[in-house]
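The data block below is coords33.tsv; it holds TSV, C-alpha atoms.
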```tsv
chain	number	residue	atom	x	y	z
W	900	MET	CA	6.70	-21.89	-0.21
W	901	ASP	CA	6.52	-22.72	3.49
W	902	SER	CA	9.45	-20.39	4.24
W	903	LEU	CA	7.65	-17.58	2.40
W	904	ARG	CA	4.52	-18.17	4.42
W	905	ALA	CA	6.58	-18.20	7.63
W	906	LEU	CA	8.22	-14.88	6.71
W	907	ALA	CA	4.83	-13.39	5.84
W	908	ALA	CA	3.43	-14.59	9.17
W	909	GLN	CA	6.20	-12.70	10.99
W	910	LEU	CA	5.09	-9.56	9.15
W	911	GLY	CA	1.49	-10.03	10.23
W	912	ILE	CA	0.35	-11.45	6.86
W	913	ALA	CA	-1.77	-14.51	7.55
W	914	ASP	CA	-1.85	-15.70	3.92
W	915	PRO	CA	0.36	-13.95	1.32
W	916	PHE	CA	-1.63	-15.68	-1.44
W	917	GLY	CA	-5.08	-14.99	0.02
W	918	ALA	CA	-7.75	-12.49	-0.99
W	919	GLY	CA	-7.12	-10.33	2.08
W	920	PHE	CA	-3.47	-9.54	1.36
W	921	PHE	CA	-4.19	-9.24	-2.35
W	922	SER	CA	-6.92	-6.65	-1.76
W	923	VAL	CA	-4.62	-4.56	0.46
W	924	LEU	CA	-1.83	-4.71	-2.13
W	925	VAL	CA	-4.20	-3.78	-4.96
W	926	THR	CA	-5.61	-0.91	-2.88
W	927	PHE	CA	-2.15	0.55	-2.28
W	928	VAL	CA	-0.98	0.13	-5.89
W	929	THR	CA	-4.24	1.50	-7.33
W	930	ALA	CA	-4.04	4.63	-5.18
W	931	LEU	CA	-0.34	5.10	-5.92
W	932	VAL	CA	-0.54	4.64	-9.69
W	933	PHE	CA	-3.74	6.61	-10.18
W	934	THR	CA	-2.54	9.58	-8.11
W	935	TRP	CA	0.89	9.48	-9.78
W	936	LEU	CA	-0.68	9.67	-13.25
W	937	PHE	CA	-3.58	11.96	-12.35
W	938	ILE	CA	-1.70	14.78	-10.59
W	939	PRO	CA	-0.05	16.23	-13.75
W	940	ARG	CA	-3.43	16.46	-15.50
W	941	LEU	CA	-5.01	17.92	-12.38
W	942	ARG	CA	-2.22	20.47	-12.22
W	943	GLU	CA	-2.84	21.59	-15.79
W	944	PHE	CA	-6.54	22.04	-15.07
W	945	ALA	CA	-5.84	23.90	-11.80
W	946	VAL	CA	-3.55	26.34	-13.63
W	947	GLN	CA	-6.24	27.05	-16.21
W	948	ALA	CA	-8.92	27.43	-13.51
W	949	GLY	CA	-6.79	29.78	-11.43
W	950	TRP	CA	-6.64	27.46	-8.42
W	951	ALA	CA	-3.33	28.65	-7.07
W	952	ASP	CA	-1.64	30.09	-3.99
W	953	LEU	CA	-0.04	33.47	-4.65
W	954	PRO	CA	3.39	34.27	-3.13
W	955	ASN	CA	3.36	36.03	0.25
W	956	ALA	CA	5.51	36.42	3.37
W	957	ARG	CA	4.55	33.00	4.76
W	958	ARG	CA	4.85	30.92	1.58
W	959	LEU	CA	8.00	29.63	-0.11
W	960	ASN	CA	6.73	29.77	-3.70
W	961	LYS	CA	7.95	32.66	-5.87
W	962	GLU	CA	5.16	32.28	-8.43
W	963	PRO	CA	1.50	31.11	-8.35
W	964	LEU	CA	1.42	27.43	-7.33
W	965	PRO	CA	-1.60	25.17	-8.00
W	966	ASN	CA	-3.23	24.24	-4.69
W	967	ALA	CA	-5.44	21.36	-5.81
W	968	GLY	CA	-3.16	18.47	-4.82
W	969	GLY	CA	-5.64	17.35	-2.19
W	970	LEU	CA	-8.15	16.58	-4.92
W	971	GLY	CA	-5.62	14.17	-6.44
W	972	ILE	CA	-5.15	12.38	-3.12
W	973	PHE	CA	-8.90	12.30	-2.60
W	974	ALA	CA	-9.55	10.80	-6.04
W	975	GLY	CA	-6.84	8.17	-5.67
W	976	PHE	CA	-7.96	7.26	-2.17
W	977	MET	CA	-11.64	6.91	-3.07
W	978	LEU	CA	-10.97	4.96	-6.26
W	979	SER	CA	-8.71	2.50	-4.45
W	980	ILE	CA	-11.31	1.83	-1.75
W	981	ILE	CA	-13.98	1.20	-4.37
W	982	VAL	CA	-11.65	-1.26	-6.14
W	983	ALA	CA	-10.83	-2.99	-2.86
W	984	TRP	CA	-14.51	-3.24	-1.98
W	985	ALA	CA	-15.21	-4.83	-5.36
W	986	ILE	CA	-12.45	-7.40	-4.83
W	987	ARG	CA	-13.29	-8.30	-1.25
W	988	PRO	CA	-16.48	-6.81	0.24
W	989	ILE	CA	-16.39	-6.20	3.99
W	990	SER	CA	-18.60	-8.81	5.63
W	991	VAL	CA	-19.57	-7.02	8.85
W	992	GLU	CA	-22.55	-4.74	8.24
W	993	LEU	CA	-21.70	-2.23	10.95
W	994	VAL	CA	-18.12	-1.94	9.74
W	995	ASN	CA	-19.49	-1.31	6.24
W	996	ILE	CA	-21.54	1.58	7.61
W	997	GLN	CA	-18.56	2.92	9.54
W	998	VAL	CA	-16.33	2.81	6.45
W	999	LEU	CA	-19.00	4.70	4.51
W	1000	ALA	CA	-19.19	7.25	7.34
W	1001	ILE	CA	-15.42	7.77	7.16
W	1002	MET	CA	-15.53	8.15	3.37
W	1003	LEU	CA	-18.40	10.65	3.62
W	1004	GLY	CA	-16.58	12.54	6.36
W	1005	ALA	CA	-13.39	12.58	4.29
W	1006	THR	CA	-15.36	13.96	1.35
W	1007	ILE	CA	-16.82	16.75	3.47
W	1008	MET	CA	-13.41	17.60	4.95
W	1009	MET	CA	-11.78	17.64	1.52
W	1010	PHE	CA	-14.29	20.08	0.12
W	1011	LEU	CA	-14.27	22.15	3.29
W	1012	GLY	CA	-10.58	22.75	2.73
W	1013	PHE	CA	-11.11	23.28	-0.99
W	1014	VAL	CA	-13.80	25.92	-0.44
W	1015	ASP	CA	-11.70	27.55	2.29
W	1016	ASP	CA	-8.87	27.99	-0.21
W	1017	ARG	CA	-11.26	29.75	-2.59
W	1018	VAL	CA	-13.26	32.02	-0.24
W	1019	ASP	CA	-11.31	32.03	3.06
W	1020	LEU	CA	-13.93	30.71	5.50
W	1021	SER	CA	-13.97	31.97	9.07
W	1022	PRO	CA	-12.39	29.77	11.78
W	1023	ALA	CA	-15.82	29.41	13.43
W	1024	SER	CA	-17.45	28.04	10.28
W	1025	ARG	CA	-14.60	25.57	9.69
W	1026	LEU	CA	-14.80	24.42	13.29
W	1027	LEU	CA	-18.58	23.96	13.08
W	1028	VAL	CA	-18.29	21.69	10.03
W	1029	GLN	CA	-15.51	19.68	11.64
W	1030	VAL	CA	-17.57	19.13	14.79
W	1031	LEU	CA	-20.57	18.04	12.72
W	1032	VAL	CA	-18.41	15.51	10.87
W	1033	ALA	CA	-17.14	14.20	14.21
W	1034	VAL	CA	-20.78	13.79	15.29
W	1035	LEU	CA	-21.44	11.90	12.05
W	1036	LEU	CA	-18.79	9.37	13.05
W	1037	MET	CA	-20.15	9.01	16.58
W	1038	VAL	CA	-23.69	8.44	15.31
W	1039	ASN	CA	-22.30	5.51	13.33
W	1040	GLY	CA	-20.51	3.97	16.30
W	1041	LEU	CA	-17.02	5.44	15.84
W	1042	LYS	CA	-16.40	6.80	19.30
W	1043	MET	CA	-13.70	6.78	21.95
W	1044	ASP	CA	-14.39	5.00	25.19
W	1045	PHE	CA	-12.61	6.69	28.08
W	1046	ASN	CA	-12.93	3.54	30.19
W	1047	ALA	CA	-11.05	1.54	27.55
W	1048	ILE	CA	-7.97	3.77	27.62
W	1049	PRO	CA	-5.16	1.97	29.47
W	1050	PHE	CA	-3.81	3.20	32.80
W	1051	LEU	CA	-6.78	5.49	33.49
W	1052	PRO	CA	-9.46	4.96	36.17
W	1053	THR	CA	-12.84	3.44	35.28
W	1054	LEU	CA	-15.68	5.95	35.51
W	1055	PRO	CA	-19.44	5.41	35.88
W	1056	ASP	CA	-21.49	5.57	32.68
W	1057	ALA	CA	-23.03	8.91	33.67
W	1058	VAL	CA	-19.54	10.44	33.51
W	1059	ASN	CA	-17.91	8.17	30.93
W	1060	ASP	CA	-20.45	8.76	28.14
W	1061	PRO	CA	-20.28	12.58	27.94
W	1062	LEU	CA	-16.52	12.53	28.55
W	1063	SER	CA	-16.04	10.01	25.73
W	1064	THR	CA	-18.12	12.23	23.43
W	1065	VAL	CA	-15.98	15.27	24.20
W	1066	LEU	CA	-12.76	13.28	23.75
W	1067	THR	CA	-13.92	11.95	20.39
W	1068	ILE	CA	-14.70	15.44	19.09
W	1069	LEU	CA	-11.37	16.74	20.36
W	1070	TRP	CA	-9.59	13.78	18.76
W	1071	ILE	CA	-11.15	14.28	15.31
W	1072	VAL	CA	-11.09	18.08	15.25
W	1073	GLY	CA	-7.72	18.35	16.99
W	1074	LEU	CA	-5.82	15.94	14.72
W	1075	THR	CA	-7.47	17.33	11.59
W	1076	ASN	CA	-6.27	20.83	12.41
W	1077	ALA	CA	-2.90	19.67	13.73
W	1078	VAL	CA	-2.03	18.07	10.39
W	1079	ASN	CA	-3.38	21.10	8.51
W	1080	LEU	CA	-1.16	23.44	10.51
W	1081	MET	CA	1.92	21.38	9.55
W	1082	ASP	CA	1.36	22.17	5.88
W	1083	GLY	CA	3.88	24.96	5.39
W	1084	VAL	CA	6.93	23.40	3.69
W	1085	ASP	CA	6.99	21.31	0.52
W	1086	GLY	CA	6.67	17.59	1.17
W	1087	VAL	CA	6.13	17.69	4.92
W	1088	VAL	CA	2.44	16.76	5.17
W	1089	GLY	CA	2.51	14.42	2.18
W	1090	GLY	CA	5.39	12.51	3.74
W	1091	LEU	CA	3.81	12.64	7.17
W	1092	GLY	CA	0.55	11.24	5.78
W	1093	PHE	CA	2.41	8.37	4.10
W	1094	ILE	CA	4.49	7.54	7.19
W	1095	VAL	CA	1.59	7.60	9.64
W	1096	SER	CA	-0.67	5.63	7.29
W	1097	MET	CA	1.97	2.92	6.86
W	1098	VAL	CA	2.73	2.72	10.58
W	1099	LEU	CA	-0.95	2.42	11.48
W	1100	LEU	CA	-1.47	-0.09	8.65
W	1101	ILE	CA	1.35	-2.33	9.88
W	1102	THR	CA	0.11	-2.08	13.45
W	1103	ALA	CA	-3.48	-2.83	12.47
W	1104	ALA	CA	-2.34	-5.81	10.36
W	1105	GLN	CA	-1.21	-7.54	13.54
W	1106	PHE	CA	-4.86	-7.85	14.64
W	1107	PRO	CA	-7.45	-9.93	12.73
W	1108	ASP	CA	-10.33	-7.55	13.57
W	1109	ARG	CA	-8.79	-4.51	11.86
W	1110	ALA	CA	-9.10	-5.54	8.20
W	1111	ALA	CA	-11.22	-2.53	7.20
W	1112	ALA	CA	-8.72	-0.14	8.79
W	1113	VAL	CA	-5.85	-1.81	6.91
W	1114	VAL	CA	-7.59	-1.32	3.55
W	1115	LEU	CA	-8.39	2.35	4.21
W	1116	LEU	CA	-4.84	3.04	5.36
W	1117	ALA	CA	-3.39	1.29	2.31
W	1118	GLY	CA	-5.43	3.57	0.05
W	1119	LEU	CA	-4.38	6.73	1.90
W	1120	ALA	CA	-0.72	5.68	1.99
W	1121	GLY	CA	-0.62	4.99	-1.75
W	1122	ALA	CA	-2.34	8.27	-2.59
W	1123	CYS	CA	0.01	10.29	-0.37
W	1124	LEU	CA	3.07	8.64	-1.91
W	1125	GLY	CA	1.82	9.27	-5.44
W	1126	TYR	CA	1.16	12.92	-4.60
W	1127	LEU	CA	4.56	13.33	-2.93
W	1128	ARG	CA	6.23	12.65	-6.28
W	1129	TYR	CA	5.12	16.16	-7.31
W	1130	ASN	CA	5.29	17.91	-3.96
W	1131	PHE	CA	8.89	17.36	-2.81
W	1132	ASN	CA	10.76	20.63	-3.18
W	1133	PRO	CA	10.55	22.34	-5.59
W	1134	SER	CA	6.91	21.32	-5.69
W	1135	ARG	CA	4.74	21.37	-8.79
W	1136	ILE	CA	1.51	21.35	-6.80
W	1137	ILE	CA	0.51	21.74	-3.14
W	1138	LEU	CA	-2.21	20.21	-0.99
W	1139	GLY	CA	-4.64	23.03	-0.45
W	1140	GLY	CA	-7.54	21.48	1.45
W	1141	GLY	CA	-5.97	18.03	1.25
W	1142	SER	CA	-4.35	18.43	4.66
W	1143	TYR	CA	-7.83	18.32	6.22
W	1144	LEU	CA	-8.48	15.09	4.32
W	1145	ILE	CA	-5.27	13.44	5.55
W	1146	GLY	CA	-5.64	14.53	9.18
W	1147	PHE	CA	-9.31	13.57	9.40
W	1148	THR	CA	-8.85	10.17	7.76
W	1149	LEU	CA	-5.98	9.21	10.06
W	1150	ALA	CA	-7.96	10.28	13.12
W	1151	ALA	CA	-11.14	8.51	12.00
W	1152	VAL	CA	-9.52	5.24	10.91
W	1153	SER	CA	-7.82	4.96	14.29
W	1154	LEU	CA	-11.31	4.66	15.79
W	1155	LEU	CA	-12.37	1.91	13.38
W	1156	GLY	CA	-12.72	-1.47	15.05
W	1157	THR	CA	-15.33	-4.16	15.33
W	1158	LEU	CA	-18.68	-4.43	17.04
W	1159	LYS	CA	-17.36	-5.66	20.37
W	1160	VAL	CA	-13.86	-4.21	20.60
W	1161	SER	CA	-13.64	-0.65	21.89
W	1162	ALA	CA	-11.53	1.74	19.88
W	1163	GLY	CA	-10.13	3.42	22.97
W	1164	ALA	CA	-7.32	0.94	23.54
W	1165	SER	CA	-6.07	1.30	19.94
W	1166	LEU	CA	-5.27	5.01	20.19
W	1167	LEU	CA	-1.78	4.68	21.69
W	1168	VAL	CA	0.02	4.23	18.37
W	1169	PRO	CA	-1.69	7.06	16.43
W	1170	LEU	CA	-1.16	9.42	19.34
W	1171	ILE	CA	2.58	8.66	19.42
W	1172	VAL	CA	2.97	8.61	15.63
W	1173	LEU	CA	1.17	11.94	15.34
W	1174	ALA	CA	3.18	13.43	18.20
W	1175	LEU	CA	4.91	15.86	15.82
W	1176	PRO	CA	1.79	17.72	14.59
W	1177	VAL	CA	0.22	17.48	18.06
W	1178	MET	CA	3.27	19.06	19.73
W	1179	ASP	CA	3.52	21.64	16.95
W	1180	THR	CA	-0.10	22.73	17.35
W	1181	THR	CA	0.20	22.80	21.14
W	1182	GLN	CA	3.27	25.02	21.18
W	1183	VAL	CA	1.85	27.35	18.51
W	1184	VAL	CA	-1.47	27.78	20.34
W	1185	ILE	CA	0.23	28.38	23.69
W	1186	GLY	CA	2.63	30.88	22.12
W	1187	ARG	CA	-0.16	32.83	20.45
W	1188	LEU	CA	-2.24	32.90	23.63
W	1189	ARG	CA	0.76	34.24	25.55
W	1190	ARG	CA	1.02	37.04	22.99
W	1191	GLY	CA	-2.59	37.98	23.70
W	1192	ILE	CA	-4.12	36.48	20.54
W	1193	ARG	CA	-7.66	35.44	21.46
W	1194	ASN	CA	-8.22	33.27	18.39
W	1195	PRO	CA	-4.94	31.33	18.03
W	1196	LEU	CA	-6.14	29.25	15.05
W	1197	GLY	CA	-7.17	32.32	13.09
W	1198	HIS	CA	-3.83	34.17	13.14
W	1199	PRO	CA	-1.18	32.40	11.03
W	1200	ASP	CA	2.48	33.10	11.75
W	1201	LYS	CA	5.89	31.49	11.27
W	1202	THR	CA	6.32	29.89	14.71
W	1203	HIS	CA	5.55	26.32	13.60
W	1204	ILE	CA	8.16	23.59	13.97
W	1205	HIS	CA	8.65	23.36	10.21
W	1206	HIS	CA	9.32	27.11	10.07
W	1207	ARG	CA	11.90	26.83	12.87
W	1208	VAL	CA	13.65	23.89	11.20
W	1209	LEU	CA	13.59	25.70	7.86
W	1210	ALA	CA	15.18	28.76	9.45
W	1211	ARG	CA	18.05	26.58	10.72
W	1212	THR	CA	18.57	24.45	7.60
W	1213	ALA	CA	17.75	27.09	4.95
W	1214	SER	CA	16.55	24.17	2.82
W	1215	ALA	CA	13.00	22.96	2.27
W	1216	ARG	CA	14.32	19.56	1.23
W	1217	ARG	CA	16.37	19.06	4.38
W	1218	THR	CA	13.48	20.35	6.48
W	1219	ALA	CA	11.11	17.78	5.00
W	1220	VAL	CA	13.60	14.93	5.41
W	1221	ILE	CA	14.32	15.87	9.05
W	1222	LEU	CA	10.62	16.00	9.92
W	1223	TRP	CA	10.03	12.70	8.07
W	1224	GLY	CA	12.77	11.20	10.21
W	1225	VAL	CA	11.18	12.46	13.42
W	1226	ALA	CA	7.76	11.13	12.36
W	1227	LEU	CA	9.25	7.74	11.44
W	1228	LEU	CA	11.08	7.56	14.77
W	1229	CYS	CA	7.81	8.25	16.56
W	1230	GLY	CA	6.25	5.50	14.46
W	1231	VAL	CA	8.93	3.02	15.46
W	1232	VAL	CA	8.40	3.83	19.14
W	1233	GLY	CA	4.64	3.53	18.77
W	1234	MET	CA	4.85	0.14	17.04
W	1235	LEU	CA	7.22	-1.25	19.66
W	1236	LEU	CA	4.99	-0.04	22.50
W	1237	GLN	CA	2.00	-1.67	20.79
W	1238	GLY	CA	3.85	-5.00	20.79
W	1239	VAL	CA	4.69	-5.20	17.09
W	1240	PRO	CA	7.65	-7.64	16.70
W	1241	PRO	CA	11.02	-5.85	16.29
W	1242	PHE	CA	11.66	-7.64	12.97
W	1243	VAL	CA	8.39	-6.26	11.59
W	1244	VAL	CA	9.25	-2.78	12.86
W	1245	LEU	CA	12.66	-2.95	11.15
W	1246	VAL	CA	11.19	-4.07	7.83
W	1247	ALA	CA	8.49	-1.41	8.09
W	1248	ALA	CA	10.98	1.39	8.78
W	1249	LEU	CA	13.23	0.32	5.89
W	1250	THR	CA	10.29	0.03	3.50
W	1251	ILE	CA	8.93	3.44	4.43
W	1252	GLY	CA	12.39	5.00	4.12
W	1253	LEU	CA	13.01	3.43	0.71
W	1254	CYS	CA	9.62	4.56	-0.62
W	1255	LEU	CA	10.23	8.15	0.49
W	1256	THR	CA	13.74	8.11	-0.95
W	1257	PHE	CA	12.45	6.79	-4.27
W	1258	VAL	CA	9.79	9.48	-4.79
W	1259	ALA	CA	12.06	12.27	-3.52
W	1260	LEU	CA	14.80	11.28	-5.97
W	1261	ARG	CA	12.27	11.05	-8.80
W	1262	ARG	CA	11.17	14.62	-8.07
W	1263	VAL	CA	14.77	15.91	-7.85
W	1264	ARG	CA	15.72	14.25	-11.14
W	1265	ALA	CA	12.58	15.55	-12.82
W	1266	HIS	CA	13.44	19.06	-11.66
W	1267	GLU	CA	16.96	18.71	-13.04
W	1268	ARG	CA	15.55	17.67	-16.42
W	1269	GLU	CA	13.15	20.64	-16.33
W	1270	ARG	CA	16.04	23.03	-15.70
W	1271	ALA	CA	18.16	21.44	-18.41
W	1272	SER	CA	15.34	21.76	-20.96
W	1273	GLN	CA	14.84	25.42	-20.04
W	1274	LEU	CA	18.56	26.15	-20.54
W	1275	ASN	CA	18.51	24.48	-23.92
```
Spit out the file's structure as structure tokens when you get a sec.
Amino acid sequence: MDSLRALAAQLGIADPFGAGFFSVLVTFVTALVFTWLFIPRLREFAVQAGWADLPNARRLNKEPLPNAGGLGIFAGFMLSIIVAWAIRPISVELVNIQVLAIMLGATIMMFLGFVDDRVDLSPASRLLVQVLVAVLLMVNGLKMDFNAIPFLPTLPDAVNDPLSTVLTILWIVGLTNAVNLMDGVDGVVGGLGFIVSMVLLITAAQFPDRAAAVVLLAGLAGACLGYLRYNFNPSRIILGGGSYLIGFTLAAVSLLGTLKVSAGASLLVPLIVLALPVMDTTQVVIGRLRRGIRNPLGHPDKTHIHHRVLARTASARRTAVILWGVALLCGVVGMLLQGVPPFVVLVAALTIGLCLTFVALRRVRAHERERASQLN
């Protein structure tokens, strides 16, 4: 028993038999199981309702593909947080309010993406909603503090306050759109959401004041993994507006701390872990501006990193696995730079890799059974 507690302590688990660890485990399992079981039913409904992406020059699907997967992730994520809250209510009132603000913001982002899939909203209207959601977080105390960012000079309040506001908006809006723009190949964003959630969860678990963040990340990680079971190539359902949900939640949770601890110093890991979508968005925007496109976010093309990797591999599966590997490598670097013990980093990387392998193989085997039944 003592050896088990000692091993758990090395992994950042204060008490493996306590309510805290139990609530995190239940949150993850609830999100995973619910999403896993719910997606097939959601897919059937989406087909009947006509919620599908039609084939075109930019998409890989050869037939209409249901695009309501984000609703499955959203449902699993929200249900798991409600269950966790029932098991172990958060005791700090302000953190309660901040968690509610994140959940409300995630709801708005999810349905923004969902409506955009139906009616094709203008880039300006999407941006306006995203900025308003970022303001919602700031009103509830979720805000960057420029003066808390390591290695940068301390500025007077008259400069720091407006600069921190601008940085917070850029952080929320930028990461939300960066993750959305990565959604072009089966399994990429679902896997990315799982990897980043797990890396941030493990990092946050090393600090006693990040309990609320750990629970939210556990719910998102479980929901992404459950969804990925049906999205690894050849996918049965795609995210649709769910990429907004994943990007926003990761960006918002990284700002979640306590009353007295600034969120600014905790942004190193998410910035490194999300380096792939950030670099992808940066190079795409620069490339489009060079070609004279005035609205780079409103002109989709095939210059994204996942499109370039797909062109070289000629395989959506290999493309997803390669990009998962890059994201996981970034996560390992981020955890080490944050001071997470190497043993914990190793266990985390192996666990993440095994989980991804498990769901990918389940999808491949299911596809083989589907083909065999069609031939018979």
(message) Considering all atoms listed in the file, can you say which of W:Val1072, W:Ala1248, W:Val1087, W:Ile996 comes closest to Leu1027 of chain W?
(response)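 Distance minimum relative to Leu1027 of chain W lands on W:Val1072.
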(request) Identify which of the residues W:Ala1122, W:Ala974, W:Leu1170, W:Ala1271 lies closest to Leu931 of chain W, counting all atoms listed in the file when measuring atom-to-atom distances. (result)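 Closest candidate: W:Ala1122.
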(request) Rounded to one decimal place, report the atom CA of Ala1259 of chain W-atom CA of Val1220 of chain W distance in Å. (result)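 Going from atom CA of Ala1259 of chain W over to atom CA of Val1220 of chain W covers 9.4 Å.
In this comparison, which uses all atoms listed in the file, the residue of W:Val932, W:Val1014, W:Ala948, W:Val1095 approaching Gly969 of chain W most closely is W:Val1014.
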(request) Determine, counting all atoms listed in the file, which protein, DNA and RNA residues have an atom within 6 Å of an atom of Gly975 of chain W; residues of the same chain fewer than 3 positions away are not included. Present the result as a list in words. (result)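 In the requested format, the answer is Ala930, Phe933, Thr934, Ile972, Leu978 and Ala1122 of chain W.
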Those same residues, written as a short mmCIF file (atom, residue, chain, number, x, y, z; two decimals), in the frame of the given file with C-alpha atoms?
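Wrote it out as selection_20.cif, contents follow:
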```cif
data_model
loop_
_atom_site.label_atom_id
_atom_site.label_comp_id
_atom_site.auth_asym_id
_atom_site.auth_seq_id
_atom_site.Cartn_x
_atom_site.Cartn_y
_atom_site.Cartn_z
CA ALA W 930 -4.04 4.63 -5.18
CA PHE W 933 -3.74 6.61 -10.18
CA THR W 934 -2.54 9.58 -8.11
CA ILE W 972 -5.15 12.38 -3.12
CA LEU W 978 -10.97 4.96 -6.26
CA ALA W 1122 -2.34 8.27 -2.59
#
```
(request) Would you list the contacts of Leu1116 of chain W as a ChimeraX atom specification, taking every protein, DNA or RNA residue within 9 Å and counting all atoms listed in the file, but skipping same-chain residues closer than 4 positions in sequence? (result) /W:927,1095-1097,1099-1100,1111-1112,1120-1121,1148-1149,1152
(request) Would you list the residues near (-15.2, 24.6, 8.5) (no more than 12 Å away, in the coordinates of the file, using all atoms listed in the file) as a ChimeraX atom specification? (result) /W:1007-1016,1018-1032,1072,1075-1076,1140,1143
Could you write those residues out with C-alpha atoms, as a PDB file, keeping the file's coordinate frame?
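Output saved as out_23.pdb:
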```pdb
ATOM      1  CA  ILE W1007     -16.820  16.750   3.470  1.00  0.00           C
ATOM      2  CA  MET W1008     -13.410  17.600   4.950  1.00  0.00           C
ATOM      3  CA  MET W1009     -11.780  17.640   1.520  1.00  0.00           C
ATOM      4  CA  PHE W1010     -14.290  20.080   0.120  1.00  0.00           C
ATOM      5  CA  LEU W1011     -14.270  22.150   3.290  1.00  0.00           C
ATOM      6  CA  GLY W1012     -10.580  22.750   2.730  1.00  0.00           C
ATOM      7  CA  PHE W1013     -11.110  23.280  -0.990  1.00  0.00           C
ATOM      8  CA  VAL W1014     -13.800  25.920  -0.440  1.00  0.00           C
ATOM      9  CA  ASP W1015     -11.700  27.550   2.290  1.00  0.00           C
ATOM     10  CA  ASP W1016      -8.870  27.990  -0.210  1.00  0.00           C
ATOM     11  CA  VAL W1018     -13.260  32.020  -0.240  1.00  0.00           C
ATOM     12  CA  ASP W1019     -11.310  32.030   3.060  1.00  0.00           C
ATOM     13  CA  LEU W1020     -13.930  30.710   5.500  1.00  0.00           C
ATOM     14  CA  SER W1021     -13.970  31.970   9.070  1.00  0.00           C
ATOM     15  CA  PRO W1022     -12.390  29.770  11.780  1.00  0.00           C
ATOM     16  CA  ALA W1023     -15.820  29.410  13.430  1.00  0.00           C
ATOM     17  CA  SER W1024     -17.450  28.040  10.280  1.00  0.00           C
ATOM     18  CA  ARG W1025     -14.600  25.570   9.690  1.00  0.00           C
ATOM     19  CA  LEU W1026     -14.800  24.420  13.290  1.00  0.00           C
ATOM     20  CA  LEU W1027     -18.580  23.960  13.080  1.00  0.00           C
ATOM     21  CA  VAL W1028     -18.290  21.690  10.030  1.00  0.00           C
ATOM     22  CA  GLN W1029     -15.510  19.680  11.640  1.00  0.00           C
ATOM     23  CA  VAL W1030     -17.570  19.130  14.790  1.00  0.00           C
ATOM     24  CA  LEU W1031     -20.570  18.040  12.720  1.00  0.00           C
ATOM     25  CA  VAL W1032     -18.410  15.510  10.870  1.00  0.00           C
ATOM     26  CA  VAL W1072     -11.090  18.080  15.250  1.00  0.00           C
ATOM     27  CA  THR W1075      -7.470  17.330  11.590  1.00  0.00           C
ATOM     28  CA  ASN W1076      -6.270  20.830  12.410  1.00  0.00           C
ATOM     29  CA  GLY W1140      -7.540  21.480   1.450  1.00  0.00           C
ATOM     30  CA  TYR W1143      -7.830  18.320   6.220  1.00  0.00           C
TER      31      TYR W1143
END
```
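Remark: for Val1258 of chain W, the closest of the candidate residues W:Leu1124, W:Ala967, W:Leu1167, W:Met1037 is W:Leu1124 (distances computed over all atoms listed in the file).
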